[in-house]
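Visitor: Next comes the structure file my_file_22.cif, holding mmCIF, C-alpha atoms and all ligand atoms.
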data_input
loop_
_atom_site.group_PDB
_atom_site.id
_atom_site.type_symbol
_atom_site.label_atom_id
_atom_site.label_comp_id
_atom_site.auth_asym_id
_atom_site.auth_seq_id
_atom_site.Cartn_x
_atom_site.Cartn_y
_atom_site.Cartn_z
ATOM 1 C CA MET A 1 303.692 82.387 -65.145
ATOM 2 C CA ILE A 2 304.291 80.114 -68.119
ATOM 3 C CA CYS A 3 305.371 76.590 -67.301
ATOM 4 C CA PHE A 4 306.766 73.977 -69.704
ATOM 5 C CA ASP A 5 306.944 70.546 -68.110
ATOM 6 C CA HIS A 6 308.914 67.872 -70.032
ATOM 7 C CA VAL A 7 307.719 69.191 -73.366
ATOM 8 C CA SER A 8 308.734 67.501 -76.621
ATOM 9 C CA LYS A 9 307.689 68.304 -80.150
ATOM 10 C CA ILE A 10 308.166 65.981 -83.076
ATOM 11 C CA TYR A 11 306.922 67.356 -86.382
ATOM 12 C CA SER A 12 305.208 64.959 -88.724
ATOM 13 C CA SER A 13 308.410 64.743 -90.727
ATOM 14 C CA ASP A 14 310.040 63.009 -87.713
ATOM 15 C CA VAL A 15 312.036 66.111 -86.873
ATOM 16 C CA ALA A 16 312.499 66.256 -83.094
ATOM 17 C CA ALA A 17 312.312 70.037 -82.694
ATOM 18 C CA LEU A 18 312.039 69.998 -78.879
ATOM 19 C CA ASN A 19 313.458 67.266 -76.720
ATOM 20 C CA ASP A 20 312.058 67.059 -73.175
ATOM 21 C CA ILE A 21 312.359 70.688 -72.111
ATOM 22 C CA SER A 22 311.186 72.162 -68.830
ATOM 23 C CA PHE A 23 311.304 75.785 -67.740
ATOM 24 C CA GLU A 24 309.283 78.515 -66.086
ATOM 25 C CA ILE A 25 308.782 82.082 -67.186
ATOM 26 C CA GLU A 26 308.073 84.496 -64.376
ATOM 27 C CA ASN A 27 305.502 87.237 -64.706
ATOM 28 C CA ASP A 28 306.572 90.803 -65.452
ATOM 29 C CA ARG A 29 310.084 89.807 -66.366
ATOM 30 C CA ARG A 30 311.808 90.023 -69.730
ATOM 31 C CA THR A 31 312.832 86.522 -70.784
ATOM 32 C CA VAL A 32 314.932 85.872 -73.874
ATOM 33 C CA LEU A 33 314.953 82.476 -75.588
ATOM 34 C CA TYR A 34 318.365 82.466 -77.195
ATOM 35 C CA GLY A 35 319.772 79.898 -79.588
ATOM 36 C CA PRO A 36 321.039 79.353 -83.106
ATOM 37 C CA SER A 37 318.750 79.003 -86.092
ATOM 38 C CA GLY A 38 316.887 75.684 -86.051
ATOM 39 C CA SER A 39 317.293 75.148 -82.297
ATOM 40 C CA GLY A 40 313.533 75.163 -81.624
ATOM 41 C CA LYS A 41 312.782 78.734 -80.510
ATOM 42 C CA THR A 42 309.860 79.397 -82.841
ATOM 43 C CA THR A 43 308.426 76.000 -81.944
ATOM 44 C CA ILE A 44 308.426 77.010 -78.255
ATOM 45 C CA LEU A 45 306.713 80.355 -78.975
ATOM 46 C CA SER A 46 304.154 78.701 -81.239
ATOM 47 C CA ILE A 47 303.287 76.243 -78.460
ATOM 48 C CA MET A 48 302.987 79.138 -75.974
ATOM 49 C CA ALA A 49 300.671 80.971 -78.362
ATOM 50 C CA GLY A 50 298.576 77.832 -78.813
ATOM 51 C CA LEU A 51 299.296 77.757 -82.560
ATOM 52 C CA ILE A 52 300.627 74.194 -82.324
ATOM 53 C CA SER A 53 300.439 71.454 -79.665
ATOM 54 C CA PRO A 54 303.347 69.628 -78.086
ATOM 55 C CA THR A 55 303.780 65.938 -78.919
ATOM 56 C CA SER A 56 304.224 65.188 -75.228
ATOM 57 C CA GLY A 57 304.550 67.031 -71.943
ATOM 58 C CA LYS A 58 302.491 69.724 -70.293
ATOM 59 C CA VAL A 59 302.239 73.469 -70.827
ATOM 60 C CA VAL A 60 300.601 75.578 -68.147
ATOM 61 C CA ILE A 61 299.588 79.177 -68.805
ATOM 62 C CA ASP A 62 297.059 81.058 -66.703
ATOM 63 C CA LYS A 63 293.766 80.888 -68.611
ATOM 64 C CA SER A 64 293.046 84.545 -67.949
ATOM 65 C CA ASP A 65 296.339 85.624 -69.527
ATOM 66 C CA LYS A 66 295.924 87.454 -72.803
ATOM 67 C CA ILE A 67 298.718 86.696 -75.277
ATOM 68 C CA SER A 68 299.949 88.770 -78.227
ATOM 69 C CA PHE A 69 302.451 87.601 -80.840
ATOM 70 C CA VAL A 70 304.769 89.709 -83.008
ATOM 71 C CA PHE A 71 306.390 87.797 -85.849
ATOM 72 C CA GLN A 72 309.681 88.256 -87.665
ATOM 73 C CA GLU A 73 307.843 89.732 -90.619
ATOM 74 C CA ASP A 74 305.396 92.470 -89.598
ATOM 75 C CA ARG A 75 302.271 90.764 -91.072
ATOM 76 C CA LEU A 76 300.445 94.079 -91.495
ATOM 77 C CA PHE A 77 297.592 94.439 -93.938
ATOM 78 C CA ARG A 78 299.346 96.378 -96.692
ATOM 79 C CA HIS A 79 296.214 97.987 -98.113
ATOM 80 C CA LEU A 80 295.010 99.273 -94.725
ATOM 81 C CA ASN A 81 296.305 102.330 -92.918
ATOM 82 C CA VAL A 82 298.160 102.086 -89.623
ATOM 83 C CA PHE A 83 295.072 103.012 -87.587
ATOM 84 C CA ASP A 84 293.052 100.106 -89.020
ATOM 85 C CA ASN A 85 295.997 97.737 -88.629
ATOM 86 C CA ILE A 86 296.336 98.644 -84.954
ATOM 87 C CA ALA A 87 292.565 98.506 -84.420
ATOM 88 C CA PHE A 88 292.670 94.965 -85.787
ATOM 89 C CA GLY A 89 294.311 93.978 -82.481
ATOM 90 C CA LEU A 90 291.089 94.830 -80.630
ATOM 91 C CA ASP A 91 287.957 92.786 -80.191
ATOM 92 C CA HIS A 92 285.482 95.012 -82.058
ATOM 93 C CA SER A 93 282.427 93.430 -80.481
ATOM 94 C CA ARG A 94 283.545 94.646 -77.046
ATOM 95 C CA TYR A 95 284.142 98.317 -77.782
ATOM 96 C CA SER A 96 282.332 101.273 -79.300
ATOM 97 C CA ARG A 97 283.891 103.237 -82.185
ATOM 98 C CA GLU A 98 284.916 105.994 -79.760
ATOM 99 C CA GLN A 99 286.555 103.498 -77.412
ATOM 100 C CA ILE A 100 288.460 101.936 -80.284
ATOM 101 C CA LYS A 101 289.630 105.341 -81.493
ATOM 102 C CA ASP A 102 290.723 106.258 -77.986
ATOM 103 C CA LYS A 103 292.644 103.003 -77.446
ATOM 104 C CA VAL A 104 294.378 103.146 -80.841
ATOM 105 C CA GLU A 105 295.373 106.790 -80.363
ATOM 106 C CA ARG A 106 296.781 106.123 -76.907
ATOM 107 C CA ILE A 107 298.934 103.237 -78.073
ATOM 108 C CA ALA A 108 299.970 105.224 -81.176
ATOM 109 C CA THR A 109 301.266 108.004 -78.951
ATOM 110 C CA LEU A 110 303.196 105.548 -76.799
ATOM 111 C CA THR A 111 304.761 103.744 -79.766
ATOM 112 C CA HIS A 112 305.376 106.922 -81.833
ATOM 113 C CA THR A 113 303.193 105.723 -84.681
ATOM 114 C CA ALA A 114 300.807 108.678 -84.325
ATOM 115 C CA GLU A 115 302.442 110.766 -87.051
ATOM 116 C CA TYR A 116 301.731 108.172 -89.747
ATOM 117 C CA LEU A 117 298.532 106.754 -88.306
ATOM 118 C CA TYR A 118 296.540 107.414 -91.476
ATOM 119 C CA GLN A 119 299.222 106.300 -93.905
ATOM 120 C CA LYS A 120 298.843 102.997 -95.763
ATOM 121 C CA ALA A 121 301.013 100.209 -94.356
ATOM 122 C CA SER A 122 302.523 99.617 -97.798
ATOM 123 C CA THR A 123 304.139 103.069 -97.711
ATOM 124 C CA LEU A 124 305.994 102.631 -94.400
ATOM 125 C CA SER A 125 309.707 102.010 -93.789
ATOM 126 C CA GLY A 126 310.839 98.760 -92.131
ATOM 127 C CA GLY A 127 311.132 100.365 -88.700
ATOM 128 C CA GLN A 128 307.745 102.069 -88.998
ATOM 129 C CA LYS A 129 306.116 98.775 -89.993
ATOM 130 C CA GLN A 130 307.585 96.976 -87.001
ATOM 131 C CA ARG A 131 306.411 99.794 -84.692
ATOM 132 C CA ALA A 132 302.898 99.455 -86.119
ATOM 133 C CA ALA A 133 303.026 95.678 -85.633
ATOM 134 C CA ILE A 134 304.039 96.166 -81.998
ATOM 135 C CA ALA A 135 301.325 98.788 -81.502
ATOM 136 C CA ARG A 136 298.781 96.274 -82.820
ATOM 137 C CA ALA A 137 300.094 93.681 -80.361
ATOM 138 C CA LEU A 138 300.009 96.121 -77.430
ATOM 139 C CA VAL A 139 296.638 97.767 -78.049
ATOM 140 C CA SER A 140 294.713 94.934 -76.391
ATOM 141 C CA HIS A 141 296.899 95.281 -73.270
ATOM 142 C CA PRO A 142 298.170 91.695 -73.325
ATOM 143 C CA ASP A 143 299.572 90.054 -70.204
ATOM 144 C CA ILE A 144 302.157 88.235 -72.278
ATOM 145 C CA LEU A 145 303.914 89.515 -75.400
ATOM 146 C CA LEU A 146 305.701 86.957 -77.565
ATOM 147 C CA MET A 147 308.201 88.359 -80.062
ATOM 148 C CA ASP A 148 309.931 86.149 -82.599
ATOM 149 C CA GLU A 149 313.100 87.783 -83.973
ATOM 150 C CA ALA A 150 310.905 90.792 -84.552
ATOM 151 C CA PHE A 151 313.728 93.274 -85.112
ATOM 152 C CA SER A 152 316.014 91.086 -87.201
ATOM 153 C CA HIS A 153 315.300 93.105 -90.355
ATOM 154 C CA LEU A 154 316.226 96.419 -88.737
ATOM 155 C CA ASP A 155 319.683 97.961 -88.888
ATOM 156 C CA GLN A 156 321.805 97.896 -85.720
ATOM 157 C CA GLY A 157 321.185 101.490 -84.633
ATOM 158 C CA LEU A 158 317.426 101.374 -85.069
ATOM 159 C CA LYS A 159 317.312 97.929 -83.461
ATOM 160 C CA LYS A 160 318.970 99.244 -80.308
ATOM 161 C CA THR A 161 316.660 102.257 -80.105
ATOM 162 C CA MET A 162 313.583 100.085 -80.569
ATOM 163 C CA ILE A 163 314.740 97.543 -77.985
ATOM 164 C CA LEU A 164 315.246 100.269 -75.391
ATOM 165 C CA GLU A 165 311.824 101.697 -76.204
ATOM 166 C CA LEU A 166 310.230 98.252 -76.037
ATOM 167 C CA ILE A 167 311.707 97.780 -72.565
ATOM 168 C CA GLU A 168 310.026 101.019 -71.533
ATOM 169 C CA TRP A 169 306.663 100.044 -72.997
ATOM 170 C CA VAL A 170 306.505 96.614 -71.387
ATOM 171 C CA GLU A 171 307.581 98.132 -68.055
ATOM 172 C CA GLN A 172 304.875 100.782 -68.294
ATOM 173 C CA LEU A 173 302.149 98.344 -69.297
ATOM 174 C CA GLY A 174 303.268 95.550 -66.929
ATOM 175 C CA ILE A 175 303.756 92.967 -69.676
ATOM 176 C CA THR A 176 305.613 89.658 -69.469
ATOM 177 C CA LEU A 177 307.890 89.741 -72.512
ATOM 178 C CA VAL A 178 309.172 86.561 -74.130
ATOM 179 C CA TRP A 179 311.693 87.468 -76.799
ATOM 180 C CA VAL A 180 313.253 85.063 -79.261
ATOM 181 C CA SER A 181 316.643 85.834 -80.737
ATOM 182 C CA HIS A 182 319.753 84.273 -82.213
ATOM 183 C CA ASP A 183 321.663 87.505 -81.575
ATOM 184 C CA PHE A 184 323.591 87.502 -78.309
ATOM 185 C CA GLN A 185 324.028 91.263 -78.235
ATOM 186 C CA GLU A 186 320.279 91.703 -78.524
ATOM 187 C CA ALA A 187 319.748 89.122 -75.778
ATOM 188 C CA LEU A 188 322.174 90.898 -73.469
ATOM 189 C CA LEU A 189 320.391 94.177 -74.002
ATOM 190 C CA LEU A 190 316.934 92.804 -73.388
ATOM 191 C CA ALA A 191 317.041 89.892 -71.031
ATOM 192 C CA GLU A 192 316.403 89.834 -67.327
ATOM 193 C CA HIS A 193 316.414 86.075 -67.677
ATOM 194 C CA MET A 194 317.919 84.067 -70.523
ATOM 195 C CA ILE A 195 317.093 80.532 -71.590
ATOM 196 C CA VAL A 196 319.671 79.147 -73.986
ATOM 197 C CA ILE A 197 318.489 76.457 -76.407
ATOM 198 C CA GLU A 198 320.607 74.249 -78.627
ATOM 199 C CA HIS A 199 319.256 71.330 -80.689
ATOM 200 C CA GLY A 200 315.863 71.402 -78.968
ATOM 201 C CA LYS A 201 317.340 71.230 -75.476
ATOM 202 C CA ILE A 202 317.954 73.839 -72.786
ATOM 203 C CA VAL A 203 321.694 74.120 -72.193
ATOM 204 C CA GLN A 204 321.766 77.060 -69.789
ATOM 205 C CA GLN A 205 319.533 79.487 -67.908
ATOM 206 C CA GLY A 206 320.349 82.592 -65.934
ATOM 207 C CA THR A 207 320.809 86.322 -66.111
ATOM 208 C CA PRO A 208 322.859 87.610 -69.061
ATOM 209 C CA TYR A 209 325.452 88.548 -66.442
ATOM 210 C CA GLU A 210 325.735 84.950 -65.175
ATOM 211 C CA ILE A 211 325.788 83.507 -68.674
ATOM 212 C CA SER A 212 328.473 85.941 -69.817
ATOM 213 C CA LEU A 213 330.641 85.053 -66.839
ATOM 214 C CA HIS A 214 330.187 81.288 -67.088
ATOM 215 C CA PRO A 215 329.062 80.258 -70.576
ATOM 216 C CA ALA A 216 327.974 76.614 -70.412
ATOM 217 C CA THR A 217 328.733 75.633 -73.994
ATOM 218 C CA TYR A 218 331.298 76.364 -76.633
ATOM 219 C CA GLU A 219 328.610 77.975 -78.800
ATOM 220 C CA ILE A 220 327.709 80.501 -76.103
ATOM 221 C CA ALA A 221 331.342 81.298 -75.411
ATOM 222 C CA SER A 222 331.958 81.797 -79.068
ATOM 223 C CA ALA A 223 328.944 84.095 -79.426
ATOM 224 C CA LEU A 224 330.470 86.137 -76.620
ATOM 225 C CA SER A 225 333.874 86.404 -78.213
ATOM 226 C CA LEU A 226 332.235 87.487 -81.457
ATOM 227 C CA LEU A 227 331.059 90.459 -79.505
ATOM 228 C CA GLY A 228 334.621 91.250 -78.527
ATOM 229 C CA MET A 229 333.730 90.594 -74.933
ATOM 230 C CA ASN A 230 336.922 88.601 -74.542
ATOM 231 C CA GLU A 231 338.547 92.008 -74.535
ATOM 232 C CA TRP A 232 336.633 93.067 -71.489
ATOM 233 C CA ASN A 233 339.629 92.050 -69.335
ATOM 234 C CA GLY A 234 338.156 91.122 -66.004
ATOM 235 C CA THR A 235 334.804 91.923 -67.579
ATOM 236 C CA PHE A 236 332.287 92.953 -64.965
ATOM 237 C CA VAL A 237 333.233 95.312 -62.193
ATOM 238 C CA PRO A 238 331.767 94.180 -58.882
ATOM 239 C CA VAL A 239 329.351 96.752 -57.583
ATOM 240 C CA SER A 240 331.263 96.918 -54.295
ATOM 241 C CA ALA A 241 334.289 98.240 -56.174
ATOM 242 C CA CYS A 242 332.352 101.119 -57.645
ATOM 243 C CA SER A 243 331.042 104.339 -56.359
ATOM 244 C CA PHE A 244 328.478 106.326 -58.238
ATOM 245 C CA HIS A 245 328.719 110.071 -58.244
ATOM 246 C CA LYS A 246 325.889 111.929 -59.789
ATOM 247 C CA GLU A 247 327.643 114.438 -61.980
ATOM 248 C CA GLN A 248 325.592 116.402 -64.455
ATOM 249 C CA GLY A 249 323.509 113.423 -65.434
ATOM 250 C CA SER A 250 326.325 111.010 -66.125
ATOM 251 C CA VAL A 251 327.618 108.144 -64.027
ATOM 252 C CA GLN A 252 331.222 108.481 -62.950
ATOM 253 C CA VAL A 253 333.172 105.455 -61.771
ATOM 254 C CA LYS A 254 336.859 106.362 -61.759
ATOM 255 C CA GLY A 255 336.886 107.807 -65.240
ATOM 256 C CA TRP A 256 333.745 105.890 -66.212
ATOM 257 C CA GLN A 257 331.774 107.081 -69.181
ATOM 258 C CA LYS A 258 328.227 105.798 -69.175
ATOM 259 C CA LYS A 259 327.022 104.268 -72.442
ATOM 260 C CA LEU A 260 323.787 102.625 -71.510
ATOM 261 C CA CYS A 261 321.494 102.096 -68.535
ATOM 262 C CA ILE A 262 319.054 99.196 -68.706
ATOM 263 C CA PRO A 263 316.385 98.919 -66.014
ATOM 264 C CA TYR A 264 315.970 95.520 -64.358
ATOM 265 C CA LYS A 265 313.333 94.449 -61.888
ATOM 266 C CA ASP A 266 315.806 94.666 -59.009
ATOM 267 C CA GLY A 267 318.244 97.313 -60.197
ATOM 268 C CA TYR A 268 320.025 98.796 -63.187
ATOM 269 C CA LEU A 269 322.703 97.474 -65.495
ATOM 270 C CA TYR A 270 325.129 100.122 -66.618
ATOM 271 C CA THR A 271 327.588 99.647 -69.418
ATOM 272 C CA GLY A 272 330.386 102.075 -69.885
ATOM 273 C CA ILE A 273 333.931 102.681 -70.960
ATOM 274 C CA VAL A 274 336.945 103.030 -68.680
ATOM 275 C CA ASP A 275 340.347 103.579 -70.301
ATOM 276 C CA GLY A 276 338.983 102.398 -73.642
ATOM 277 C CA LYS A 277 337.629 99.144 -72.192
ATOM 278 C CA MET A 278 334.001 98.182 -71.882
ATOM 279 C CA PHE A 279 332.613 97.484 -68.419
ATOM 280 C CA CYS A 280 329.294 96.539 -66.925
ATOM 281 C CA VAL A 281 328.066 97.404 -63.463
ATOM 282 C CA PHE A 282 324.938 96.174 -61.811
ATOM 283 C CA SER A 283 323.570 98.565 -59.224
ATOM 284 C CA LYS A 284 320.515 98.488 -57.009
ATOM 285 C CA GLU A 285 320.415 102.267 -57.192
ATOM 286 C CA LYS A 286 319.584 104.450 -60.110
ATOM 287 C CA ALA A 287 322.517 106.722 -60.750
ATOM 288 C CA GLY A 288 322.937 109.666 -63.064
HETATM 289 P P1 LIG A 301 314.277 78.250 -84.616
HETATM 290 O O1 LIG A 301 313.085 79.132 -84.451
HETATM 291 O O2 LIG A 301 315.143 78.187 -83.410
HETATM 292 O O3 LIG A 301 315.055 78.574 -85.842
HETATM 293 P P2 LIG A 301 312.306 76.181 -85.204
HETATM 294 O O4 LIG A 301 311.492 75.994 -83.983
HETATM 295 O O5 LIG A 301 311.716 76.966 -86.306
HETATM 296 O O6 LIG A 301 313.752 76.742 -84.809
HETATM 297 O O7 LIG A 301 312.682 74.751 -85.809
HETATM 298 C C1 LIG A 301 313.232 73.707 -85.036
HETATM 299 C C2 LIG A 301 313.398 72.476 -85.926
HETATM 300 O O8 LIG A 301 312.124 72.019 -86.339
HETATM 301 C C3 LIG A 301 314.170 72.739 -87.214
HETATM 302 O O9 LIG A 301 314.929 71.591 -87.500
HETATM 303 C C4 LIG A 301 313.086 72.952 -88.243
HETATM 304 O O10 LIG A 301 313.535 72.583 -89.522
HETATM 305 C C5 LIG A 301 311.992 72.016 -87.751
HETATM 306 N N1 LIG A 301 310.650 72.499 -88.087
HETATM 307 C C6 LIG A 301 310.099 73.685 -87.762
HETATM 308 N N2 LIG A 301 308.821 73.784 -88.183
HETATM 309 C C7 LIG A 301 308.561 72.607 -88.829
HETATM 310 C C8 LIG A 301 307.401 72.078 -89.494
HETATM 311 N N3 LIG A 301 306.271 72.763 -89.586
HETATM 312 N N4 LIG A 301 307.518 70.817 -90.029
HETATM 313 C C9 LIG A 301 308.650 70.105 -89.939
HETATM 314 N N5 LIG A 301 309.752 70.548 -89.315
HETATM 315 C C10 LIG A 301 309.727 71.781 -88.763
HETATM 316 MG MG MG A 302 312.560 80.814 -85.589
#
Now that the file is in, can you turn its structure into structure tokens?
Guide:
Amino acid sequence: MICFDHVSKIYSSDVAALNDISFEIENDRRTVLYGPSGSGKTTILSIMAGLISPTSGKVVIDKSDKISFVFQEDRLFRHLNVFDNIAFGLDHSRYSREQIKDKVERIATLTHTAEYLYQKASTLSGGQKQRAAIARALVSHPDILLMDEAFSHLDQGLKKTMILELIEWVEQLGITLVWVSHDFQEALLLAEHMIVIEHGKIVQQGTPYEISLHPATYEIASALSLLGMNEWNGTFVPVSACSFHKEQGSVQVKGWQKKLCIPYKDGYLYTGIVDGKMFCVFSKEKAG
């Protein structure tokens, strides 16, 4: 659990980046800090990571919690190969060479970086670099993974693939993910819990489902309509109105065509198309 209690941050230039914010981040849950550029998201992550201190207020993080940080830019060592970059995430005084090799190879298999493990970082594509950066963050088996707009340089298709994979990795490794984004679509895809920040203040918290149904500010509502979600006509289908039939691996809800299934701690969020319109269904059961 990460707890911010009346935290403010004023940079030396008199910029009030955070203004009396309080929130809690539950363990083993994917939390997205969402807000426009300049709202204070990176400041919050940097305080969590211990890179900077708050001007006032209290931050409580379990001392035994190991924290990893993935930045917007990959921050790999260009002249080193992927193996050495990933190994950099490990405390070399604690492990033998064999143990290090074993740990790096395991995480490389999980993150699909194994096929270019001995390639120099400078020769990788954007997506490959970001995978290597994540592998480096995961190799030490952190309890908390902080990611600051880490996929913002990737194209939409690759971004979606990597987000879905990331969800799988953090589920498998039991990691508390704190994800920073100014992209609502990304937040919807990733978040089990969303904290919306504007001008250094929290304006709304809840599941993406709750926030989509009742956006608290004009900015949130407008981010939603940018997505075309205003065309969702009645938007979310209540689970009670749906029946899932397992039919050759796809979910059928009265002509429903499944597009995406995102695992949540207490169920699954399905998005799909019915009569050309997009719908979301939350179900306790795994269907399809
Ligand atoms: P976000 O990550 O949401 O874009 P930041 O946390 O980076 O927002 O910044 C919040 C505010 O604090 C902005 O007005 C930004 O200009 C200011 N800020 C960030 N870092 C510094 C710094 N080191 N010194 C002075 N002002 C800063
Ligand atoms: Mg930022």
Visitor: I'd like the interatomic distance between CA of Lys103 in chain A and CA of Trp169 in chain A, to a tenth of an Å.
Guide: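 According to the coordinates, CA of Lys103 in chain A and CA of Trp169 in chain A are separated by 15.0 Å.
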Visitor: List every protein, DNA or RNA residue that has at least one atom no more than 8 Å from (299.9, 94.5, -81.5) in the file's coordinates, counting all atoms listed in the file, and write the result as a list in words.
Guide: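 Those residues lying close to the given coordinates are Ser68, Phe69, Val70, Ile86, Gly89, Ala132, Ala133, Ile134, Ala135, Arg136, Ala137, Leu138, Val139 and Ser140 of chain A.
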Visitor: Point out the residue among A:Leu190, A:Val59, A:Leu158, A:Leu213 with the least atom-to-atom distance to Ile21 in chain A, counting only C-alpha atoms.
Guide: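 Between A:Leu190, A:Val59, A:Leu158, A:Leu213, the residue approaching Ile21 in chain A most closely is A:Val59.
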Visitor: Using all atoms listed in the file, what does the table of chain A residues within 12 Å of ligand LIG 301 (chain A) look like, with each row giving the shortest atom pair and its distance in Å to one decimal, sorted by chain and ascending number, as CSV?
Guide:
residue,atom,partner,partner_atom,distance
A:Ser8,CA,A:LIG301,O8,11.2
A:Lys9,CA,A:LIG301,O8,8.5
A:Ile10,CA,A:LIG301,N5,7.9
A:Tyr11,CA,A:LIG301,C9,4.8
A:Ser12,CA,A:LIG301,C9,6.3
A:Ser13,CA,A:LIG301,C9,5.4
A:Asp14,CA,A:LIG301,C9,7.6
A:Val15,CA,A:LIG301,N5,5.6
A:Ala16,CA,A:LIG301,O8,6.6
A:Ala17,CA,A:LIG301,O8,4.2
A:Leu18,CA,A:LIG301,C1,7.3
A:Asn19,CA,A:LIG301,C1,10.5
A:Leu33,CA,A:LIG301,O2,8.9
A:Tyr34,CA,A:LIG301,O2,8.2
A:Gly35,CA,A:LIG301,O2,6.2
A:Pro36,CA,A:LIG301,O2,6.0
A:Ser37,CA,A:LIG301,O3,3.7
A:Gly38,CA,A:LIG301,O3,3.4
A:Ser39,CA,A:LIG301,O2,3.9
A:Gly40,CA,A:LIG301,O4,3.2
A:Lys41,CA,A:LIG301,O2,3.8
A:Thr42,CA,A:LIG301,O1,3.6
A:Thr43,CA,A:LIG301,O4,3.7
A:Ile44,CA,A:LIG301,O4,6.6
A:Leu45,CA,A:LIG301,O4,8.2
A:Ser46,CA,A:LIG301,O4,8.3
A:Ile47,CA,A:LIG301,O4,9.9
A:Leu51,CA,A:LIG301,N3,11.1
A:Ile52,CA,A:LIG301,N3,9.3
A:Ser53,CA,A:LIG301,N3,11.6
A:Pro54,CA,A:LIG301,O4,11.9
A:Phe71,CA,A:LIG301,O1,11.0
A:Gln72,CA,A:LIG301,O1,10.3
A:Met147,CA,A:LIG301,O1,11.3
A:Asp148,CA,A:LIG301,O1,7.9
A:Glu149,CA,A:LIG301,O1,8.7
A:Ala150,CA,A:LIG301,O1,11.9
A:Trp179,CA,A:LIG301,O1,11.4
A:Val180,CA,A:LIG301,O1,7.9
A:Ser181,CA,A:LIG301,O2,8.2
A:His182,CA,A:LIG301,O2,7.7
A:Asp183,CA,A:LIG301,O2,11.5
A:Val196,CA,A:LIG301,O2,10.5
A:Ile197,CA,A:LIG301,O2,8.0
A:Glu198,CA,A:LIG301,O2,8.3
A:His199,CA,A:LIG301,C1,7.8
A:Gly200,CA,A:LIG301,C1,7.0
A:Lys201,CA,A:LIG301,C1,10.7
A:Ile202,CA,A:LIG301,O2,11.8
Visitor: I'd like the residues picked by the PyMOL selection byres (((chain A and resi 127) around 9) and not hetatm) written out as a PDB file with C-alpha atoms, in the frame of the given file, using the chain letters and numbers from the file.
Guide:
ATOM      1  CA  LEU A 124     305.994 102.631 -94.400  1.00  0.00           C
ATOM      2  CA  SER A 125     309.707 102.010 -93.789  1.00  0.00           C
ATOM      3  CA  GLY A 126     310.839  98.760 -92.131  1.00  0.00           C
ATOM      4  CA  GLN A 128     307.745 102.069 -88.998  1.00  0.00           C
ATOM      5  CA  LYS A 129     306.116  98.775 -89.993  1.00  0.00           C
ATOM      6  CA  GLN A 130     307.585  96.976 -87.001  1.00  0.00           C
ATOM      7  CA  ARG A 131     306.411  99.794 -84.692  1.00  0.00           C
ATOM      8  CA  ALA A 132     302.898  99.455 -86.119  1.00  0.00           C
ATOM      9  CA  PHE A 151     313.728  93.274 -85.112  1.00  0.00           C
ATOM     10  CA  HIS A 153     315.300  93.105 -90.355  1.00  0.00           C
ATOM     11  CA  LEU A 154     316.226  96.419 -88.737  1.00  0.00           C
ATOM     12  CA  ASP A 155     319.683  97.961 -88.888  1.00  0.00           C
ATOM     13  CA  LEU A 158     317.426 101.374 -85.069  1.00  0.00           C
ATOM     14  CA  LYS A 159     317.312  97.929 -83.461  1.00  0.00           C
ATOM     15  CA  MET A 162     313.583 100.085 -80.569  1.00  0.00           C
TER      16      MET A 162
END
Visitor: Pull out every residue that the PyMOL selection byres (((chain A and resi 118-121) around 6) and not hetatm) matches in the shown coordinates and put them as a ChimeraX atom specification.
Guide: /A:78,80-82,116-117,122-124
Visitor: Using all atoms listed in the file, which of the listed residues (A:Arg30, A:His92, A:His141, A:His6) sits closest to Ile195 in chain A?
Guide: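 Of A:Arg30, A:His92, A:His141, A:His6, the one nearest Ile195 in chain A, counting all atoms listed in the file, is A:Arg30.
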Visitor: What is the CA of Ser152 in chain A-atom MG of ligand MG 302 (chain A) distance in Å, reported with one decimal?
Guide: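 So the two atoms, CA of Ser152 in chain A and atom MG of ligand MG 302 (chain A), lie 11.0 Å apart.
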